[in-house]
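K.L.:
Here it is, the structure, as structure tokens.
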4 protein chains.
Amino acid sequence: MSNKLKRIGILTGGGDCPGLNAVIRAVTKAALSGGMEVVGIADGYLGLIENRYRPLTFDDVSSILTQGGTILGACNKSNPARYAVREDGRWVMRDVRDRVVRHCEQAGLDALVIIGGDGTMSGAADLIERGLNVVGVPKTIDNDLWGTDITFGHDSAVNTATDAIDKVHTTASSHHRVMVVELMGRYAGWLALHAGIAGGADVILIPEIPFDLEKVAEACTRRNKHGRGFTIVAAGEGAKPLGGEQIVDRVYEDSPDPIRLGGVAKFVSDRIEQMTRLDSRAIVLGHVQRGGTPTPRDRVLATQFGYHAYELLRTGGFGRVVVETEGRIDSIPIPDVADKVRTVPPDHIGIQAARAVKTSFGD
Amino acid sequence: MSNKLKRIGILTGGGDCPGLNAVIRAVTKAALSGGMEVVGIADGYLGLIENRYRPLTFDDVSSILTQGGTILGACNKSNPARYAVREDGRWVMRDVRDRVVRHCEQAGLDALVIIGGDGTMSGAADLIERGLNVVGVPKTIDNDLWGTDITFGHDSAVNTATDAIDKVHTTASSHHRVMVVELMGRYAGWLALHAGIAGGADVILIPEIPFDLEKVAEACTRRNKHGRGFTIVAAGEGAKPLGGEQIVDRVYEDSPDPIRLGGVAKFVSDRIEQMTRLDSRAIVLGHVQRGGTPTPRDRVLATQFGYHAYELLRTGGFGRVVVETEGRIDSIPIPDVADKVRTVPPDHIGIQAARAVKTSFGD
Amino acid sequence: MSNKLKRIGILTGGGDCPGLNAVIRAVTKAALSGGMEVVGIADGYLGLIENRYRPLTFDDVSSILTQGGTILGACNKSNPARYAVREDGRWVMRDVRDRVVRHCEQAGLDALVIIGGDGTMSGAADLIERGLNVVGVPKTIDNDLWGTDITFGHDSAVNTATDAIDKVHTTASSHHRVMVVELMGRYAGWLALHAGIAGGADVILIPEIPFDLEKVAEACTRRNKHGRGFTIVAAGEGAKPLGGEQIVDRVYEDSPDPIRLGGVAKFVSDRIEQMTRLDSRAIVLGHVQRGGTPTPRDRVLATQFGYHAYELLRTGGFGRVVVETEGRIDSIPIPDVADKVRTVPPDHIGIQAARAVKTSFGD
Amino acid sequence: MSNKLKRIGILTGGGDCPGLNAVIRAVTKAALSGGMEVVGIADGYLGLIENRYRPLTFDDVSSILTQGGTILGACNKSNPARYAVREDGRWVMRDVRDRVVRHCEQAGLDALVIIGGDGTMSGAADLIERGLNVVGVPKTIDNDLWGTDITFGHDSAVNTATDAIDKVHTTASSHHRVMVVELMGRYAGWLALHAGIAGGADVILIPEIPFDLEKVAEACTRRNKHGRGFTIVAAGEGAKPLGGEQIVDRVYEDSPDPIRLGGVAKFVSDRIEQMTRLDSRAIVLGHVQRGGTPTPRDRVLATQFGYHAYELLRTGGFGRVVVETEGRIDSIPIPDVADKVRTVPPDHIGIQAARAVKTSFGD
């Protein structure tokens with residue numbers, strides 16, 4: 001391959017996330033200005049498998065900065081290592097990674113920009129092993145990607161979640177209720193922690209700190225006695241009671257191996273109502289958290305990530321994923337982040353600050 | 001009672017609703033300026049039953065215009081006609097309406113402003129019969145009160161619901177999914193209809209038009225064939241399939257006789273996925289729709305309703321509830337609106353306009 | 001012309017307004033579904049003059065519902081009756097109305113949907129006289145169109161203006177200041193009145209009620225004495241002091257004959273500071289009020305207006321403009337609304353309600 | 001003074017800023033929980049000078065997290081080193097710093113938490129010299145405080161500014177205009193840079209990069225030629241043309257010595273219109289940027305800053321101001337930050353990323 005890239009591809013993998021289009025726009029504008037051709041691959045890895053792509057022009061990425069979602073389409077069920085195909089009347093899993101590499105070569109792609117979470121980065125590591133030039137951009141509303149302090153999309157999701165908590169506040173206080181709001185975040189508590197602090201939640205439940213129902217109930221009744229007849233609980237979807245009681249009926253949609261864990265809001269709400277006789281309600285915010293226009297901060301971060309990805313392309317920094325650490329944008333090897341999760345450290349300043357303003361973590 | 005009122009009480013009944021504080025503020029400011037004393041009754045009818053109230057001053061209602069909820073507290077389980085009391089170790093229902101009248105007299109209240117929905121107005125009609133001077137102000141996010149074209153709170157709820165649909169749009173389009181968003185509205189489709197039109201939903205399901213699942217599935221697959229690989233369904237919580245298949249597990253919380261009807265989003269989402277093989281998701285927006293700061297329109301409407309309620313007080317227009325009909329604010333007898341529901345007429349311009357922009361109602 | 005329309009044109013005239021695209025979408029979808037061809041005319045009347053247009057398809061109007069502005073472009077300086085052309089090195093005004101009619105015939109347009117304000121409707125009346133089939137849709141953020149109680153765009157503008165007042169509130173109260181916020185609205189006070197009520201402004205100045213500076217100053221100092229060390233003034237751009245003191249330096253951009261009137265915020269702020277020694281600031285919100293995504297209410301209203309315009313097309317109701325009166329959508333002759341302004345009646349319930357909550361109008 | 005603090009005071013100095021109340025709440029809750037008494041000082045240094053303060057309880061700081069402004073009041077004209085007093089019929093400047101120290105002693109304050117910008121920190125340094133125990137918390141929407149990468153309030157201001165640019169976008173594109181939006185930021189370009197990137201501005205003008213009007217005009221006409229008939233310019237209030245042409249009529253309100261610099265939006269808009277014949281408009285966003293509810297991010301940051309300030313109090317870390325550097329919350333000596341400004345480095349990644357997406361800085 002020549003030193004100078006002629007043609008690059010971009011794909012977005014995994015779940016929806018505000019800011020994806022801002023990255024696509026930044027990479028595309030920078031690459032086109034730098035004399036490269038840019039190709040948008042449809043529906044994540046699925047487009048690579050099925051050979052679906054189209055050229056991207058300045059016009060294609062004009063005015064997409066503020067749009068949620070991805071103009072390329074995404075697909076969080078297509079893993080080239082385990083691709084479901086219909087054979088002899090039944091579904092079997094096939095490894096189509098070599099086909100993906102072949103398609104990239106046929107399309108004349110000198111390099112790929114892959115935007116996605118830990119699962120997508122794991123797929124990217126496979127392609128790197130097979131010789132492709134790949135640059136990664138981390139993406140997750142959950143902020144749980146290993147190696148980076150922050151990812152775009154998280155701030156937008158915190159915004160949506162906080163707005164919901166703010167709204168629920170008025171109902172809780174008017175009706176003297178316990179309101180349990182279940183937020184996304186998978187195995188990490190970042191989203192619940194940040195939205196919980198921002199929304200002034202009285203109790204925050206996160207996967208990193210197994211909760212004691214007695215303590216949660218105590219927090220609710222204590223508030224009730226002090227004349228504040230309501231309690232707001234922000235619960236990360238992965239939060240678990242001490243002792244590991246199973247809370248079934250939820251599937252993390254991005255998990256390679258879906259694990260049933262959830263329904264934490266309903267579980268907590270029902271138990272608290274039983275234990276305290278306080279009127280209690282569960283709210284599951286759901287996919288609303290993944291959508292919408294990105295916050296200004298996420299637009300800026302995504303633009304900077306996209307620009308840095310282009311710089312990696314331009315300077316041959318292949319096999320690396322963009323990160324922000326210690327307040328600076330940098331990059332680390334993609335295999336380092338694949339399939340890893342960054343959880344909230346128990347002494348995180350957010351947890352300490354929340355405790356200082358009298359927030360209970362149920363412990 | 002003298003011609004001129006000396007002292008009035010205000011209470012807010014039923015569920016939470018953006019704009020309640022704006023009404024309280026308008027009534028209180030106008031009444032204080034008009035030389036009356038104003039008393040705020042705590043927690044709806046419960047405060048009348050339990051004799052809990054406090055004087056309201058200009059300071060108490062300063063800067064509450066933009067706050068959701070009610071500074072007085074609300075309670076949607078306290079009906080003076082059927083008040084639960086503990087006797088001999090078990091709960092029995094007592095009629096405490098006379099006690100309520102006695103408490104009003106003891107508190108020196110010359111008149112009551114009662115803000116609430118159809119259930120609350122039914123209670124108000126009882127008090128009128130017993131000789132109390134009552135002025136009603138209609139309140140419901142569902143917009144289903146008989147006798148008025150619009151109530152404050154509805155616009156705010158439509159706003160929150162539309163915002164959710166807007167957000168879900170990006171996920172639906174990025175992932176080629178069917179997204180079914182369940183909205184409040186009880187037995188009436190106003191909220192789903194308005195948010196559905198505003199959010200550009202492809203399918204709107206409302207209680208007034210029983211839906212045919214085959215037609216809904218058809219709408220989803222038709223869109224898929226035309227290259228728009230996603231469908232947004234806005235479903236009112238009271239929407240029902242043709243033929244009356246039971247959809248269990250939801251309770252209308254303001255209903256005097258709770259009726260299990262719901263789970264419409266999950267029901268539709270599951271069936272559509274089975275019928276069409278399209279990836280489908282359900283979102284239940286829940287109590288978020290009741291909360292938050294009122295929209296400017298609701299603040300204006302609530303202020304005008306509050307002012308008109310004061311005018312009724314001042315001019316002796318007792319036994320009447322404020323309404324807006326034919327674009328003008330007016331009043332009608334409270335008993336006329338008690339326990340009645342205003343549903344969407346099948347030839348409503350909203351339905352016609354939605355059909356014209358190719359929205360399916362599943363019929 | 002045959003009974004059934006084959007081909008229609010749409011244009012948007014005058015200033016920007018949230019909801020224009022929602023009307024374009026509704027008309028286009030309904031007309032295409034009804035078997036008509038639809039042509040979008042570029043940049044208002046200018047496109048008719050210069051013969052610039054393009055066909056509109058379902059795809060063209062897909063996902064524009066939530067977008068502010070107009071996909072067709074607008075131009076508020078092109079009046080076919082007085083079109084500026086360069087002749088012999090200087091600009092002269094020409095009447096090109098016949099040319100416009102000719103272009104419509106050449107383009108095979110059986111009818112035109114013209115979306116605009118009073119000036120645009122005046123132009124439409126000219127075309128009707130010349131035999132064109134025209135249906136009008138009223139548009140103005142100012143809500144000052146004669147014959148209709150409400151126009152789309154107004155609610156969105158009130159929303160933006162109220163949001164600004166809400167924000168200014170915190171600064172005013174933290175710094176014990178007088179803050180004068182100048183809002184749009186031209187010769188009518190609707191926008192200032194509605195945003196003023198919604199934002200809880202202490203003083204509202206509108207063109208319909210000439211203000212006495214002494215009274216405004218009094219309102220500010222009275223609040224200061226009562227311990228509320230701040231005052232919010234919402235001033236319509238057309239508000240004038242009693243006695244007609246000239247406040248120069250503003251031009252209404254949509255006026256056919258621009259009249260200098262404004263700078264009311266700076267004028268009031270400066271005088272109040274001189275008269276009261278209170279710290280005072282002026283804010284001119286400007287074009288921000290015209291932009292942004294339409295509120296859900298405006299999206300619904302614009303969709304219904306668009307649908308009704310299509311119904312007028314379909315049933316031959318030419319020469320009429322869509323209106324909402326007495327809570328119902330209807331239509332009236334276009335010439336009736338041309339060049340007329342609907343101002344706020346002095347006994348409007350909004351003014352009465354505002355006075356009841358102690359708002360001063362400076363009179 | 002004993003090792004353990006018994007009573008602390010809090011004050012907020014300088015201009016309004018979203019998040020002030022979140023800091024007050026965090027410090028107060030943490031200090032009360034830690035067994036200290038907390039006193040809120042009114043109106044910044046003015047309250048120290050005039051001896052006005054009141055005790056703060058849990059109730060006082062309950063539900064202020066989401067409120068903009070400061071419940072304590074602020075004053076950006078009271079500097080104890082130069083306090084204006086009336087003597088013999090005229091105003092003279094007096095040094096009242098010793099009086100301030102005396103008042104603190106009389107009030108029994110063991111330490112002060114001072115929240116403010118560079119000017120306020122300069123005043124704090126004076127008090128430290130006189131022996132007071134002071135902990136500083138940095139505050140500025142401009143993000144221009146030396147020693148910290150970020151301050152609360154900035155994200156909220158960027159949000160408001162970006163929202164305005166988003167709104168102006170639709171007008172600009174519908175009317176083929178140049179829109180110049182003037183943003184705050186004083187001598188630093190952070191706010192214009194961040195809002196400009198987030199809003200997708202085509203041109204960003206900041207004080208750190210003097211602009212060439214020819215280059216700005218070129219950017220506008222180039223866009224026009226490429227069929228995008230509009231240009232958005234985000235201009236920091238301190239931006240200056242190359243060669244130092246004076247742009248008069250604006251006063252930085254927080255400056256100790258007000259310097260007239262501004263009117264940059266009108267200046268640029270007028271010149272561009274002359275140079276390019278393109279229709280052009282100026283918008284000065286003004287104080288709206290200081291107000292409103294803080295963003296979730298600012299609420300979290302302010303809560304963490306407040307918590308860290310308490311930790312400094314608890315551990316005797318006096319004379320220090322909280323900062324965030326390299327992604328971590330820490331503290332540095334207050335005198336280090338007094339009267340210093342942190343501007344945008346010319347090689348900042350934001351500038352590089354903006355250039356990569358074809359944004360012009362007018363250079």
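Ligands are numbered from 1 in the order shown, chains are lettered A, B, ... in the order of the structure tokens, and residues start at 1 in each chain.
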Which residues of chain A come within 9 Å of chain B, and for each one, what is the closest pair of atoms and their distance in Å to one decimal, counting only C-alpha atoms, sorted by chain and residue number, as CSV?

P.N.:
residue,atom,partner,partner_atom,distance
A:Gly15,CA,B:His175,CA,8.0
A:Asp16,CA,B:Thr171,CA,5.6
A:Cys17,CA,B:Thr171,CA,8.1
A:Pro18,CA,B:Thr170,CA,8.8
A:Asp43,CA,B:His175,CA,7.8
A:Gln67,CA,B:Thr170,CA,7.9
A:Gly68,CA,B:Thr170,CA,5.5
A:Gly69,CA,B:Thr170,CA,4.6
A:Thr70,CA,B:Ser174,CA,5.6
A:Ile71,CA,B:Ser174,CA,7.0
A:Leu72,CA,B:Ser174,CA,7.4
A:Gly73,CA,B:Ser174,CA,4.4
A:Ala74,CA,B:His175,CA,5.5
A:Cys75,CA,B:His175,CA,6.0
A:Asn76,CA,B:His175,CA,8.2
A:Asp163,CA,B:Gly292,CA,8.3
A:Ala164,CA,B:Val288,CA,5.9
A:Ile165,CA,B:Val288,CA,8.0
A:Asp166,CA,B:Gly292,CA,6.6
A:Lys167,CA,B:Gly292,CA,4.0
A:Val168,CA,B:Val288,CA,5.5
A:His169,CA,B:Gly291,CA,7.3
A:Thr170,CA,B:Gly69,CA,4.6
A:Thr171,CA,B:Asp16,CA,5.6
A:Ala172,CA,B:Gly69,CA,8.6
A:Ser173,CA,B:Gly73,CA,7.4
A:Ser174,CA,B:Gly73,CA,4.4
A:His175,CA,B:Ala74,CA,5.5
A:His176,CA,B:Gly73,CA,7.9
A:Arg281,CA,B:His287,CA,8.6
A:Ala282,CA,B:Gly286,CA,8.7
A:Ile283,CA,B:Gly286,CA,6.3
A:Val284,CA,B:Val284,CA,7.2
A:Leu285,CA,B:Leu285,CA,6.6
A:Gly286,CA,B:Ile283,CA,6.3
A:His287,CA,B:Val168,CA,6.6
A:Val288,CA,B:Val168,CA,5.6
A:Gln289,CA,B:Lys167,CA,7.9
A:Arg290,CA,B:Thr171,CA,6.9
A:Gly291,CA,B:Lys167,CA,4.3
A:Gly292,CA,B:Lys167,CA,4.0
A:Thr293,CA,B:Lys167,CA,7.5

K.L.:
Do a neighbour search on C:Ala188 at 7 Å with only C-alpha atoms, toss out local chain neighbours closer than 2 positions, and write the hits as a list in words.

P.N.:
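My reading of the contact set: Asp144, Gly185, Arg186, Trp190, Pro207, Glu208, Thr343 and Val344 of chain C.
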
K.L.:
Return the single residue from A:Thr221, A:Ser33, A:Thr120, A:Gln106 that is closest to A:Leu11, with distances computed using only C-alpha atoms.

P.N.:
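Looking at the shortest contact to A:Leu11, the residue is A:Thr120.
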
K.L.:
Grab the atom CA of C:Tyr187 to atom CA of D:Val178 distance for me, in Å with one decimal place.

P.N.:
26.2 Å

K.L.:
In stretch 59-127 of chain C, what's alpha helix (DSSP H) per DSSP? Answer as a PyMOL selection string?

P.N.:
chain C and resi 97-106+118-127

K.L.:
As a VMD selection string, please: every residue in stretch 62-254 of chain A that a backbone DSSP assignment puts in strand (DSSP E).

P.N.:
chain A and resid 83 to 87 90 to 94 111 to 116 134 to 138 178 to 183 203 to 205 231 to 236

K.L.:
Quote the spacing between atom CA of B:Val85 and atom CA of B:Ala107 in Å to one decimal place.

P.N.:
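Rounded to one decimal, the two atoms are 23.1 Å apart.
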
K.L.:
Could you tell me how far atom CA of D:Thr295 sits from atom CA of D:Ala22, in Å to one decimal place?

P.N.:
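That distance, rounded to one decimal, is 11.1 Å.
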
K.L.:
Do a neighbour search on D:Arg25 at 9 Å with only C-alpha atoms, toss out local chain neighbours closer than 5 positions, and write the hits as a VMD selection string.

P.N.:
(chain A and resid 357) or (chain D and resid 20 30 58 60 to 65 303 306)

K.L.:
Contacts of B:Asp142 at 12 Å or less, counting only C-alpha atoms, minus same-chain residues fewer than 2 places along, as number ranges by chain?

P.N.:
B: 15-18, 117-118, 138-140, 144-146, 149-158, 161, 183-195, 236-238, 252, 254, 289-290, 341-344

K.L.:
Could you dump the residues just selected with C-alpha atoms as a compact mmCIF listing (two decimals), in the first residue's frame?

P.N.:
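File again-v9.txt, as written:
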# COMPACT_ATOMS: atom_id res chain seq x y z
CA GLY B 15 -52.75 13.27 39.43
CA ASP B 16 -49.87 15.60 38.87
CA CYS B 17 -50.16 18.07 35.99
CA PRO B 18 -47.91 20.88 34.69
CA GLY B 117 -60.13 16.20 36.68
CA ASP B 118 -63.43 14.38 36.25
CA PRO B 138 -60.36 21.67 34.93
CA LYS B 139 -57.04 19.84 34.94
CA THR B 140 -55.82 16.86 32.98
CA ASP B 144 -60.43 14.26 28.17
CA LEU B 145 -62.57 16.52 30.32
CA TRP B 146 -66.07 16.96 29.07
CA ASP B 149 -61.85 22.00 24.32
CA ILE B 150 -58.53 22.18 26.10
CA THR B 151 -57.06 21.94 29.58
CA PHE B 152 -53.71 23.14 30.81
CA GLY B 153 -51.15 20.37 31.20
CA HIS B 154 -52.03 18.73 27.91
CA ASP B 155 -49.67 20.85 25.85
CA SER B 156 -46.82 20.08 28.26
CA ALA B 157 -47.53 16.36 28.14
CA VAL B 158 -47.70 16.45 24.33
CA ALA B 161 -44.24 12.78 24.50
CA LEU B 183 -48.31 7.30 25.80
CA MET B 184 -50.77 8.23 28.52
CA GLY B 185 -54.30 9.48 27.87
CA ARG B 186 -56.54 6.94 29.62
CA TYR B 187 -59.72 6.26 27.64
CA ALA B 188 -59.10 9.10 25.20
CA GLY B 189 -56.61 9.36 22.36
CA TRP B 190 -55.81 13.08 22.50
CA LEU B 191 -52.28 12.73 23.80
CA ALA B 192 -51.32 9.94 21.39
CA LEU B 193 -53.00 11.73 18.50
CA HIS B 194 -51.32 15.08 19.09
CA ALA B 195 -47.89 13.67 19.94
CA GLY B 236 -52.34 5.58 23.55
CA GLU B 237 -52.40 3.46 26.71
CA GLY B 238 -56.10 2.77 26.21
CA TYR B 252 -55.21 3.68 35.21
CA ASP B 254 -56.79 8.02 38.42
CA GLN B 289 -45.37 12.85 30.89
CA ARG B 290 -46.97 14.30 34.03
CA VAL B 341 -65.01 11.66 29.40
CA ARG B 342 -64.48 13.54 26.16
CA THR B 343 -63.02 11.26 23.50
CA VAL B 344 -61.68 12.08 20.05

K.L.:
What lies within 7 Å of stretch 37-39 of chain D using only C-alpha atoms, ignoring chain neighbours under 6 positions off, as a list of chain:residue names?

P.N.:
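Close residues of stretch 37-39 of chain D: D:Lys6, D:Arg7, D:Ile8, D:Gly9, D:Ile10, D:Thr28, D:Tyr53, D:Arg54, D:Pro55, D:Leu56.
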
K.L.:
Looking at only C-alpha atoms, which of B:Lys225, B:Gln304, B:Gly136, B:Arg130 is the one that sits closest to B:Arg102?

P.N.:
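Closest to B:Arg102 of all the choices is B:Arg130.
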